[in-house]
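K.L.:
Just passing along the structure, written as structure tokens.
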Amino acid sequence: MEIIADVWDNIVQGLLEPLYHFNNPEKRINYFYIISSLLLAYYVYYKAKEKIPFYKYIFNKKIWLSKSAFIDYKYFFFNGIIKIVLIAPIIQIWWYLGVTINDWMEESFGFSDVLLTESELIIYYTLSLVILSDLMIYLVHLAMHKIPFLWEFHKIHHSATTLNPITQYRLHPLELILNNVARVFVSSFLIGFFDYFYAGSVEAATYLEINIFAILFLFWGSTLRHSHVKLKYFHFLERILLSPFQHQVHHSDNPAHFDKNMGSKLAIWDWIFGTLLRSTEVAKVRFGLGKKEERNYNSFSKTLYMPFKNIARWFMRKDKRS
Ligand SMILES: [Zn+2]
Ligand SMILES: [Zn+2]
């Protein structure tokens with residue numbers, strides 16, 4: 001009976017978890033960022049000289065009530081449960097892994113001669129975390145586009161034919177787990193590394209504190225990345241920071257735009273690896289995988305099982321050939 005109660009508890013927690021995002025300053029759909037995004041959207045609306053009223057421009061029924069959007073909404077709650085059940089344990093080993101790396105460094109190199117003050121530690125740690133986790137997200141995303149087995153799972157995110165802020169949660173659970181493992185790996189590595197150069201014991205909370213860079217990113221329209229609002233940055237800036245429109249280009253079904261703009265916050269990785277496309281280089285964007293392929297992903301259940309079906313098919317074809 002206790003197990004049933006536990007499972008039930010997890011499901012309820014999982015279903016409620018996404019709703020806390022409106023209140024969490026680390027989440028893109030926090031009400032504070034929704035307000036800043038609305039202001040930025042108004043600027044785009046005003047510049048584009050749209051003929052319809054602003055509320056109709058924002059709450060376009062064709063976008064918010066599309067079949068594709070309802071799949072996103074289901075993922076929003078479904079992945080809430082996945083997070084509680086599968087991802088919470090990964091986050092729990094976060095701290096432990098850091099301690100292990102720190103111990104390993106002390107054993108291998110002895111105690112450090114260079115020690116950082118607490119403010120130095122926070123500045124260096126935060127900067128390294130922003131840069132390294134952004135690079136990690138880029139590399140994982142690149143792998144998802146280039147490795148056929150992983151692409152089958154990442155396709156779910158790209159199968160959205162309309163974009164709204166909830167589309168960011170439209171991720172196959174396997175991709176969600178992979179992203180979190182990568183994130184945990186980077187933070188654990190950095191925690192262990194910086195602990196080695198710090199004499200005191202730094203509270204876990206110091207590391208978990210939301211950093212100013214993340215707030216700026218979230219404030220500056222990250223909610224609009226998944227939307228129809230074409231917010232572009234200055235041409236030069238789009239080499240350093242990805243604008244919401246640059247992510248919308250990433251969702252384009254035009255082969256000329258495939259595998260472009262794979263970064264998260266920073267555009268420099270796309271710039272360095274030659275996958276950058278800036279707003280001025282793109283005229284029109286239609287979202288999705290192309291009409292023919294999209295039909296395979298037009299329901300929530302299909303998006304869940306299609307990757308496995310495609311991979312099984314691929315193996316069977318390979319079997320026949322050999
Ligand atoms: Zn992608
Ligand atoms: Zn996206």
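For the structure tokens, the naming scheme is as follows: chains receive sequential letters (A, B, ...) according to their order of presentation, residues are indexed from 1 within each chain, and ligands are indexed from 1 in presentation order.
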Throw together the list of residues within 7 Å of ligand 1, counting only C-alpha atoms and all ligand atoms, and drop it here as number ranges by chain.

P.N.:
A: 141, 145, 154, 158, 250, 262

K.L.:
Mind checking which residues fall within 12 Å of stretch 53-56 of chain A, counting only C-alpha atoms, ignoring those fewer than 3 positions away in the same chain, and posting them as a PDB file with N, CA and C atoms, in the first residue's frame?

P.N.:
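Saved as part.pdb:
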```pdb
ATOM      1  N   LEU A  38       6.219  40.261 -23.245  1.00  0.00           N
ATOM      2  CA  LEU A  38       5.067  40.949 -23.847  1.00  0.00           C
ATOM      3  C   LEU A  38       5.471  42.353 -24.317  1.00  0.00           C
ATOM      4  N   LEU A  39       6.300  43.017 -23.511  1.00  0.00           N
ATOM      5  CA  LEU A  39       6.766  44.357 -23.889  1.00  0.00           C
ATOM      6  C   LEU A  39       7.611  44.282 -25.165  1.00  0.00           C
ATOM      7  N   ALA A  41       7.456  41.904 -27.376  1.00  0.00           N
ATOM      8  CA  ALA A  41       6.552  41.508 -28.457  1.00  0.00           C
ATOM      9  C   ALA A  41       5.800  42.727 -28.989  1.00  0.00           C
ATOM     10  N   TYR A  42       5.458  43.632 -28.079  1.00  0.00           N
ATOM     11  CA  TYR A  42       4.749  44.841 -28.512  1.00  0.00           C
ATOM     12  C   TYR A  42       5.647  45.666 -29.427  1.00  0.00           C
ATOM     13  N   TYR A  43       6.917  45.725 -29.111  1.00  0.00           N
ATOM     14  CA  TYR A  43       7.889  46.446 -29.947  1.00  0.00           C
ATOM     15  C   TYR A  43       7.931  45.838 -31.356  1.00  0.00           C
ATOM     16  N   VAL A  44       7.994  44.502 -31.431  1.00  0.00           N
ATOM     17  CA  VAL A  44       8.039  43.807 -32.730  1.00  0.00           C
ATOM     18  C   VAL A  44       6.743  44.082 -33.508  1.00  0.00           C
ATOM     19  N   TYR A  45       5.622  44.009 -32.792  1.00  0.00           N
ATOM     20  CA  TYR A  45       4.285  44.237 -33.379  1.00  0.00           C
ATOM     21  C   TYR A  45       4.199  45.648 -33.951  1.00  0.00           C
ATOM     22  N   TYR A  46       4.690  46.601 -33.174  1.00  0.00           N
ATOM     23  CA  TYR A  46       4.646  48.011 -33.561  1.00  0.00           C
ATOM     24  C   TYR A  46       5.514  48.253 -34.797  1.00  0.00           C
ATOM     25  N   ALA A  48       6.429  46.070 -37.022  1.00  0.00           N
ATOM     26  CA  ALA A  48       5.933  45.344 -38.204  1.00  0.00           C
ATOM     27  C   ALA A  48       4.662  45.981 -38.762  1.00  0.00           C
ATOM     28  N   LYS A  49       4.138  47.013 -38.076  1.00  0.00           N
ATOM     29  CA  LYS A  49       2.911  47.719 -38.483  1.00  0.00           C
ATOM     30  C   LYS A  49       1.780  46.742 -38.768  1.00  0.00           C
ATOM     31  N   GLU A  50       1.570  45.815 -37.828  1.00  0.00           N
ATOM     32  CA  GLU A  50       0.494  44.819 -37.972  1.00  0.00           C
ATOM     33  C   GLU A  50      -0.862  45.528 -37.975  1.00  0.00           C
ATOM     34  N   PHE A  59      -2.386  36.443 -29.028  1.00  0.00           N
ATOM     35  CA  PHE A  59      -3.185  35.229 -28.766  1.00  0.00           C
ATOM     36  C   PHE A  59      -3.846  34.735 -30.046  1.00  0.00           C
ATOM     37  N   ASN A  60      -3.023  34.527 -31.031  1.00  0.00           N
ATOM     38  CA  ASN A  60      -3.494  34.019 -32.308  1.00  0.00           C
ATOM     39  C   ASN A  60      -4.002  32.583 -32.116  1.00  0.00           C
ATOM     40  N   LYS A  61      -5.314  32.397 -32.362  1.00  0.00           N
ATOM     41  CA  LYS A  61      -5.924  31.081 -32.115  1.00  0.00           C
ATOM     42  C   LYS A  61      -5.263  29.985 -32.927  1.00  0.00           C
ATOM     43  N   LYS A  62      -4.853  30.324 -34.148  1.00  0.00           N
ATOM     44  CA  LYS A  62      -4.250  29.307 -35.026  1.00  0.00           C
ATOM     45  C   LYS A  62      -2.969  28.751 -34.406  1.00  0.00           C
ATOM     46  N   ILE A  63      -2.344  29.528 -33.535  1.00  0.00           N
ATOM     47  CA  ILE A  63      -1.095  29.092 -32.914  1.00  0.00           C
ATOM     48  C   ILE A  63      -1.364  28.399 -31.579  1.00  0.00           C
ATOM     49  N   TRP A  64      -2.120  29.083 -30.708  1.00  0.00           N
ATOM     50  CA  TRP A  64      -2.332  28.565 -29.341  1.00  0.00           C
ATOM     51  C   TRP A  64      -3.292  27.382 -29.289  1.00  0.00           C
ATOM     52  N   VAL A 229       6.652  35.516 -32.673  1.00  0.00           N
ATOM     53  CA  VAL A 229       7.138  36.901 -32.599  1.00  0.00           C
ATOM     54  C   VAL A 229       8.600  36.938 -33.050  1.00  0.00           C
TER      55      VAL A 229
END
```

K.L.:
So that I can check the surroundings of A:Leu242, please list as a ChimeraX atom specification every protein, DNA and RNA residue that reaches within 6 Å of it, counting only C-alpha atoms and ignoring chain neighbours fewer than 5 positions away.

P.N.:
/A:265-267

K.L.:
Generate the output file for the selected residues, C-alpha atoms, as a PDB file, in the first residue's frame.

P.N.:
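Wrote selection.pdb, looks like this:
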```pdb
ATOM      1  CA  LYS A 265      22.229  31.492 -24.975  1.00  0.00           C
ATOM      2  CA  LEU A 266      25.497  32.205 -26.775  1.00  0.00           C
ATOM      3  CA  ALA A 267      25.829  32.332 -30.564  1.00  0.00           C
TER       4      ALA A 267
END
```

K.L.:
Residues at most 10 Å from ligand 2, using only C-alpha atoms and all ligand atoms? Could they come as a PyMOL selection string?

P.N.:
chain A and resi 154+157-158+160+163-165+167-171+225-227+244+247-251+262+264

K.L.:
For the selection just defined, write its residues with N, CA and C atoms to a file, as an mmCIF file, in the first residue's frame.

P.N.:
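Dumped to result_33.cif:
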```
data_model
loop_
_atom_site.group_PDB
_atom_site.id
_atom_site.type_symbol
_atom_site.label_atom_id
_atom_site.label_comp_id
_atom_site.auth_asym_id
_atom_site.auth_seq_id
_atom_site.Cartn_x
_atom_site.Cartn_y
_atom_site.Cartn_z
ATOM 1 N N HIS A 154 15.142 13.630 -30.985
ATOM 2 C CA HIS A 154 15.110 15.103 -31.007
ATOM 3 C C HIS A 154 14.053 15.621 -31.997
ATOM 4 N N HIS A 157 10.867 17.437 -30.807
ATOM 5 C CA HIS A 157 10.879 18.887 -30.587
ATOM 6 C C HIS A 157 10.667 19.628 -31.909
ATOM 7 N N HIS A 158 11.274 19.087 -32.967
ATOM 8 C CA HIS A 158 11.185 19.746 -34.273
ATOM 9 C C HIS A 158 9.877 19.453 -35.000
ATOM 10 N N ALA A 160 7.016 20.146 -34.016
ATOM 11 C CA ALA A 160 6.024 21.203 -33.732
ATOM 12 C C ALA A 160 5.847 22.071 -34.978
ATOM 13 N N LEU A 163 4.770 27.351 -32.918
ATOM 14 C CA LEU A 163 5.604 27.526 -31.726
ATOM 15 C C LEU A 163 4.928 28.449 -30.726
ATOM 16 N N ASN A 164 4.863 27.994 -29.472
ATOM 17 C CA ASN A 164 4.400 28.858 -28.374
ATOM 18 C C ASN A 164 5.340 28.569 -27.206
ATOM 19 N N PRO A 165 5.378 29.423 -26.177
ATOM 20 C CA PRO A 165 6.394 29.227 -25.118
ATOM 21 C C PRO A 165 6.394 27.830 -24.474
ATOM 22 N N THR A 167 6.200 25.105 -26.095
ATOM 23 C CA THR A 167 6.897 24.165 -26.994
ATOM 24 C C THR A 167 8.279 23.790 -26.458
ATOM 25 N N GLN A 168 8.858 24.655 -25.611
ATOM 26 C CA GLN A 168 10.182 24.311 -25.064
ATOM 27 C C GLN A 168 10.134 23.030 -24.230
ATOM 28 N N TYR A 169 8.928 22.653 -23.751
ATOM 29 C CA TYR A 169 8.790 21.421 -22.953
ATOM 30 C C TYR A 169 8.502 20.208 -23.829
ATOM 31 N N ARG A 170 8.320 20.425 -25.122
ATOM 32 C CA ARG A 170 8.029 19.319 -26.040
ATOM 33 C C ARG A 170 9.340 18.590 -26.342
ATOM 34 N N LEU A 171 9.749 17.756 -25.414
ATOM 35 C CA LEU A 171 10.988 16.995 -25.560
ATOM 36 C C LEU A 171 10.678 15.547 -25.237
ATOM 37 N N ARG A 225 11.544 32.723 -27.880
ATOM 38 C CA ARG A 225 12.250 31.796 -28.789
ATOM 39 C C ARG A 225 11.253 30.840 -29.429
ATOM 40 N N HIS A 226 10.361 30.319 -28.608
ATOM 41 C CA HIS A 226 9.303 29.471 -29.141
ATOM 42 C C HIS A 226 8.035 30.310 -29.236
ATOM 43 N N SER A 227 7.903 31.012 -30.327
ATOM 44 C CA SER A 227 6.721 31.851 -30.565
ATOM 45 C C SER A 227 6.757 32.305 -32.020
ATOM 46 N N PRO A 244 15.714 35.415 -30.329
ATOM 47 C CA PRO A 244 14.587 34.483 -30.461
ATOM 48 C C PRO A 244 14.357 34.066 -31.920
ATOM 49 N N HIS A 247 16.465 31.209 -33.091
ATOM 50 C CA HIS A 247 16.006 29.869 -32.692
ATOM 51 C C HIS A 247 14.809 29.435 -33.537
ATOM 52 N N GLN A 248 13.977 30.398 -33.917
ATOM 53 C CA GLN A 248 12.848 30.056 -34.792
ATOM 54 C C GLN A 248 13.369 29.525 -36.134
ATOM 55 N N VAL A 249 14.472 30.092 -36.609
ATOM 56 C CA VAL A 249 15.092 29.604 -37.849
ATOM 57 C C VAL A 249 15.549 28.153 -37.654
ATOM 58 N N HIS A 250 15.994 27.841 -36.440
ATOM 59 C CA HIS A 250 16.412 26.465 -36.132
ATOM 60 C C HIS A 250 15.248 25.482 -36.324
ATOM 61 N N HIS A 251 14.023 25.974 -36.160
ATOM 62 C CA HIS A 251 12.829 25.122 -36.303
ATOM 63 C C HIS A 251 12.296 25.090 -37.735
ATOM 64 N N MET A 262 22.311 26.065 -33.266
ATOM 65 C CA MET A 262 22.050 25.011 -32.284
ATOM 66 C C MET A 262 22.399 25.410 -30.853
ATOM 67 N N SER A 264 22.369 27.705 -27.198
ATOM 68 C CA SER A 264 21.288 28.030 -26.282
ATOM 69 C C SER A 264 21.269 29.549 -26.063
#
```

K.L.:
Could you name the residues that touch A:Ile166 at 10 Å or less, counting only C-alpha atoms, but leaving out those on the same chain fewer than 6 positions away, as a list in words?

P.N.:
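So, after excluding close chain neighbours, the residues are Arg28, Ile29, Trp64, Ala69, Phe70, Ile71, Asp72, Tyr73, Lys74, Tyr75, Phe76, Thr223, His226 and Ser227 of chain A.
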
K.L.:
Next, write the just-selected residues to a file, as a compact mmCIF listing (two decimals), in the first residue's frame, keeping N, CA and C atoms as the atom set.

P.N.:
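Output contents, as saved in again.txt:
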```txt
# COMPACT_ATOMS: atom_id res chain seq x y z
N ARG A 28 11.72 30.01 -17.84
CA ARG A 28 11.38 30.98 -18.87
C ARG A 28 9.94 31.47 -18.78
N ILE A 29 9.06 30.64 -18.22
CA ILE A 29 7.67 31.07 -18.22
C ILE A 29 7.26 31.71 -16.89
N TRP A 64 -2.12 29.08 -30.71
CA TRP A 64 -2.33 28.56 -29.34
C TRP A 64 -3.29 27.38 -29.29
N ALA A 69 0.03 22.50 -30.80
CA ALA A 69 0.15 23.15 -29.49
C ALA A 69 -0.39 22.22 -28.39
N PHE A 70 -1.47 21.48 -28.68
CA PHE A 70 -2.02 20.59 -27.65
C PHE A 70 -1.05 19.46 -27.30
N ILE A 71 -0.24 19.05 -28.27
CA ILE A 71 0.80 18.05 -27.96
C ILE A 71 1.82 18.68 -27.00
N ASP A 72 2.16 19.95 -27.24
CA ASP A 72 3.10 20.66 -26.34
C ASP A 72 2.54 20.69 -24.92
N TYR A 73 1.24 21.02 -24.79
CA TYR A 73 0.64 21.15 -23.46
C TYR A 73 0.68 19.81 -22.73
N LYS A 74 0.47 18.72 -23.49
CA LYS A 74 0.53 17.39 -22.85
C LYS A 74 1.95 17.11 -22.35
N TYR A 75 2.93 17.48 -23.16
CA TYR A 75 4.33 17.27 -22.75
C TYR A 75 4.67 18.08 -21.50
N PHE A 76 4.10 19.26 -21.39
CA PHE A 76 4.35 20.15 -20.26
C PHE A 76 4.07 19.40 -18.95
N THR A 223 11.56 33.75 -23.69
CA THR A 223 10.22 33.15 -23.82
C THR A 223 9.75 33.20 -25.28
N HIS A 226 10.36 30.32 -28.61
CA HIS A 226 9.30 29.47 -29.14
C HIS A 226 8.03 30.31 -29.24
N SER A 227 7.90 31.01 -30.33
CA SER A 227 6.72 31.85 -30.57
C SER A 227 6.76 32.30 -32.02
```

K.L.:
Could you pull out the alpha helix (DSSP H) residues of stretch 32-222 of chain A, going by DSSP on the backbone, and write them as a ChimeraX atom specification?

P.N.:
/A:32-47,54-58,61-64,67-82,88-109,118-146,148-158,173-196,204-208,212-219

K.L.:
Hey, can you spit out that residue selection with C-alpha atoms as a compact mmCIF listing (two decimals), in the first residue's frame?

P.N.:
```
# COMPACT_ATOMS: atom_id res chain seq x y z
CA PHE A 32 8.17 38.39 -14.65
CA TYR A 33 9.69 37.20 -17.96
CA ILE A 34 6.24 36.85 -19.48
CA ILE A 35 5.73 40.57 -18.84
CA SER A 36 9.14 41.51 -20.28
CA SER A 37 8.44 39.29 -23.29
CA LEU A 38 5.07 40.95 -23.85
CA LEU A 39 6.77 44.36 -23.89
CA LEU A 40 9.33 43.11 -26.41
CA ALA A 41 6.55 41.51 -28.46
CA TYR A 42 4.75 44.84 -28.51
CA TYR A 43 7.89 46.45 -29.95
CA VAL A 44 8.04 43.81 -32.73
CA TYR A 45 4.28 44.24 -33.38
CA TYR A 46 4.65 48.01 -33.56
CA LYS A 47 7.66 47.85 -35.91
CA PHE A 54 -2.19 43.51 -30.29
CA TYR A 55 -4.09 40.89 -28.25
CA LYS A 56 -5.14 39.16 -31.47
CA TYR A 57 -1.55 39.24 -32.69
CA ILE A 58 -0.32 37.63 -29.46
CA LYS A 61 -5.92 31.08 -32.12
CA LYS A 62 -4.25 29.31 -35.03
CA ILE A 63 -1.09 29.09 -32.91
CA TRP A 64 -2.33 28.56 -29.34
CA LYS A 67 -3.20 20.43 -32.86
CA SER A 68 0.56 20.81 -32.50
CA ALA A 69 0.15 23.15 -29.49
CA PHE A 70 -2.02 20.59 -27.65
CA ILE A 71 0.80 18.05 -27.96
CA ASP A 72 3.10 20.66 -26.34
CA TYR A 73 0.64 21.15 -23.46
CA LYS A 74 0.53 17.39 -22.85
CA TYR A 75 4.33 17.27 -22.75
CA PHE A 76 4.35 20.15 -20.26
CA PHE A 77 2.58 17.95 -17.67
CA PHE A 78 3.95 14.59 -18.80
CA ASN A 79 7.56 15.74 -18.49
CA GLY A 80 6.72 17.15 -15.04
CA ILE A 81 6.16 13.57 -13.88
CA ILE A 82 9.29 12.34 -15.68
CA ALA A 88 15.26 14.19 -9.32
CA PRO A 89 17.58 11.25 -8.46
CA ILE A 90 20.12 12.51 -11.04
CA ILE A 91 20.10 15.92 -9.37
CA GLN A 92 20.55 14.27 -5.97
CA ILE A 93 23.87 12.76 -7.00
CA TRP A 94 24.93 16.22 -8.22
CA TRP A 95 26.54 17.24 -4.93
CA TYR A 96 28.08 13.86 -4.28
CA LEU A 97 29.84 13.79 -7.67
CA GLY A 98 31.35 17.20 -6.98
CA VAL A 99 32.78 16.00 -3.68
CA THR A 100 34.31 12.96 -5.42
CA ILE A 101 36.06 15.14 -8.01
CA ASN A 102 37.39 17.44 -5.26
CA ASP A 103 38.77 14.42 -3.31
CA TRP A 104 40.38 13.07 -6.45
CA MET A 105 42.15 16.41 -7.11
CA GLU A 106 43.42 16.57 -3.51
CA GLU A 107 44.75 13.02 -3.72
CA SER A 108 46.40 13.59 -7.10
CA PHE A 109 47.85 17.09 -6.64
CA GLU A 118 34.26 33.69 -1.55
CA SER A 119 33.38 36.49 -3.98
CA GLU A 120 36.12 35.39 -6.42
CA LEU A 121 34.80 31.88 -6.18
CA ILE A 122 31.24 32.93 -7.01
CA ILE A 123 32.34 35.12 -9.95
CA TYR A 124 34.65 32.48 -11.49
CA TYR A 125 32.25 29.65 -10.84
CA THR A 126 29.28 31.50 -12.35
CA LEU A 127 31.23 32.60 -15.43
CA SER A 128 32.60 29.09 -16.02
CA LEU A 129 29.17 27.59 -15.49
CA VAL A 130 27.54 29.95 -18.02
CA ILE A 131 30.20 29.32 -20.67
CA LEU A 132 30.80 25.60 -20.14
CA SER A 133 27.16 24.60 -19.77
CA ASP A 134 26.30 26.61 -22.86
CA LEU A 135 29.05 24.79 -24.77
CA MET A 136 27.80 21.47 -23.40
CA ILE A 137 24.22 22.23 -24.49
CA TYR A 138 25.54 23.11 -27.95
CA LEU A 139 27.52 19.87 -28.22
CA VAL A 140 24.63 17.69 -27.02
CA HIS A 141 22.30 19.48 -29.44
CA LEU A 142 24.81 19.03 -32.27
CA ALA A 143 25.01 15.30 -31.48
CA MET A 144 21.21 15.08 -31.56
CA HIS A 145 21.17 16.52 -35.05
CA LYS A 146 24.11 14.56 -36.44
CA PRO A 148 20.74 9.38 -36.60
CA PHE A 149 19.69 7.43 -33.47
CA LEU A 150 19.55 10.59 -31.35
CA TRP A 151 17.90 12.61 -34.13
CA GLU A 152 14.92 10.22 -33.99
CA PHE A 153 14.27 11.44 -30.43
CA HIS A 154 15.11 15.10 -31.01
CA LYS A 155 12.70 15.13 -33.98
CA ILE A 156 9.85 15.34 -31.47
CA HIS A 157 10.88 18.89 -30.59
CA HIS A 158 11.19 19.75 -34.27
CA PRO A 173 11.72 11.91 -22.15
CA LEU A 174 14.94 10.37 -23.43
CA GLU A 175 16.16 13.76 -24.61
CA LEU A 176 15.11 15.31 -21.30
CA ILE A 177 17.18 12.75 -19.40
CA LEU A 178 20.18 13.19 -21.68
CA ASN A 179 20.10 16.99 -21.32
CA ASN A 180 19.94 16.68 -17.55
CA VAL A 181 22.78 14.18 -17.35
CA ALA A 182 24.94 16.58 -19.40
CA ARG A 183 23.96 19.49 -17.17
CA VAL A 184 24.70 17.54 -14.00
CA PHE A 185 28.05 16.47 -15.40
CA VAL A 186 29.18 20.07 -16.07
CA SER A 187 28.05 21.44 -12.70
CA SER A 188 29.55 18.51 -10.77
CA PHE A 189 32.82 18.93 -12.55
CA LEU A 190 32.90 22.67 -11.79
CA ILE A 191 31.82 22.25 -8.16
CA GLY A 192 34.60 19.74 -7.55
CA PHE A 193 37.11 21.89 -9.40
CA PHE A 194 36.30 25.14 -7.56
CA ASP A 195 35.98 23.49 -4.17
CA TYR A 196 39.60 22.50 -4.56
CA ALA A 204 25.28 23.92 -1.77
CA ALA A 205 22.96 26.91 -1.96
CA THR A 206 25.75 29.15 -3.25
CA TYR A 207 26.02 26.97 -6.29
CA LEU A 208 22.33 26.75 -6.82
CA ILE A 212 22.72 37.32 -13.25
CA PHE A 213 23.51 36.05 -16.77
CA ALA A 214 20.62 33.63 -16.70
CA ILE A 215 18.28 36.39 -15.50
CA LEU A 216 19.39 38.69 -18.34
CA PHE A 217 18.90 35.92 -20.89
CA LEU A 218 15.46 35.13 -19.54
CA PHE A 219 14.47 38.77 -19.31
```

K.L.:
Using DSSP on the backbone coordinates, identify the residues of stretch 106-299 of chain A assigned to strand (DSSP E or B); present them as number ranges by chain.

P.N.:
A: 241, 252, 266, 287

K.L.:
With only C-alpha atoms as the basis for distance, which of A:Asp270, A:Glu238, A:Asp113, A:Glu281 is at the shortest distance from A:Tyr198?

P.N.:
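Using only C-alpha atoms, the shortest distance to A:Tyr198 belongs to A:Asp113.
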
K.L.:
Which one is closest to A:Asp9: A:Tyr233, A:Asp319, A:Trp271, A:Ile84? Count only C-alpha atoms.

P.N.:
A:Ile84

K.L.:
Find the residue from A:Ser243, A:Ile52, A:Phe315, A:Asn30 that sits nearest to A:Ser279; use only C-alpha atoms when measuring.

P.N.:
A:Ser243

K.L.:
If I take atom CA of A:Thr162 and atom CA of A:Asn261, how far is one from the other in Å, to one decimal?

P.N.:
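Value for the atom CA of A:Thr162-atom CA of A:Asn261 distance: 18.4 Å.
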
K.L.:
For A:Ser112, please output as a count of residues only all residues within 7 Å (counting only C-alpha atoms; exclusion window: fewer than 2 positions along the same chain).

P.N.:
5

K.L.:
From the set A:Arg286, A:Arg317, A:Arg239, A:Lys230, which residue has the shortest atom-to-atom contact distance to A:His257, counting only C-alpha atoms?

P.N.:
A:Arg286

K.L.:
Just to confirm, what's the straight-line distance from atom CA of A:Gly288 to atom CA of A:Ser252 in Å (one decimal)?

P.N.:
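These two atoms are separated by 6.1 Å.
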
K.L.:
Can you tell me how far atom CA of A:Glu294 sits from atom CA of A:Ser159, in Å to one decimal?

P.N.:
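If I compute the distance from atom CA of A:Glu294 to atom CA of A:Ser159, I get 6.0 Å.
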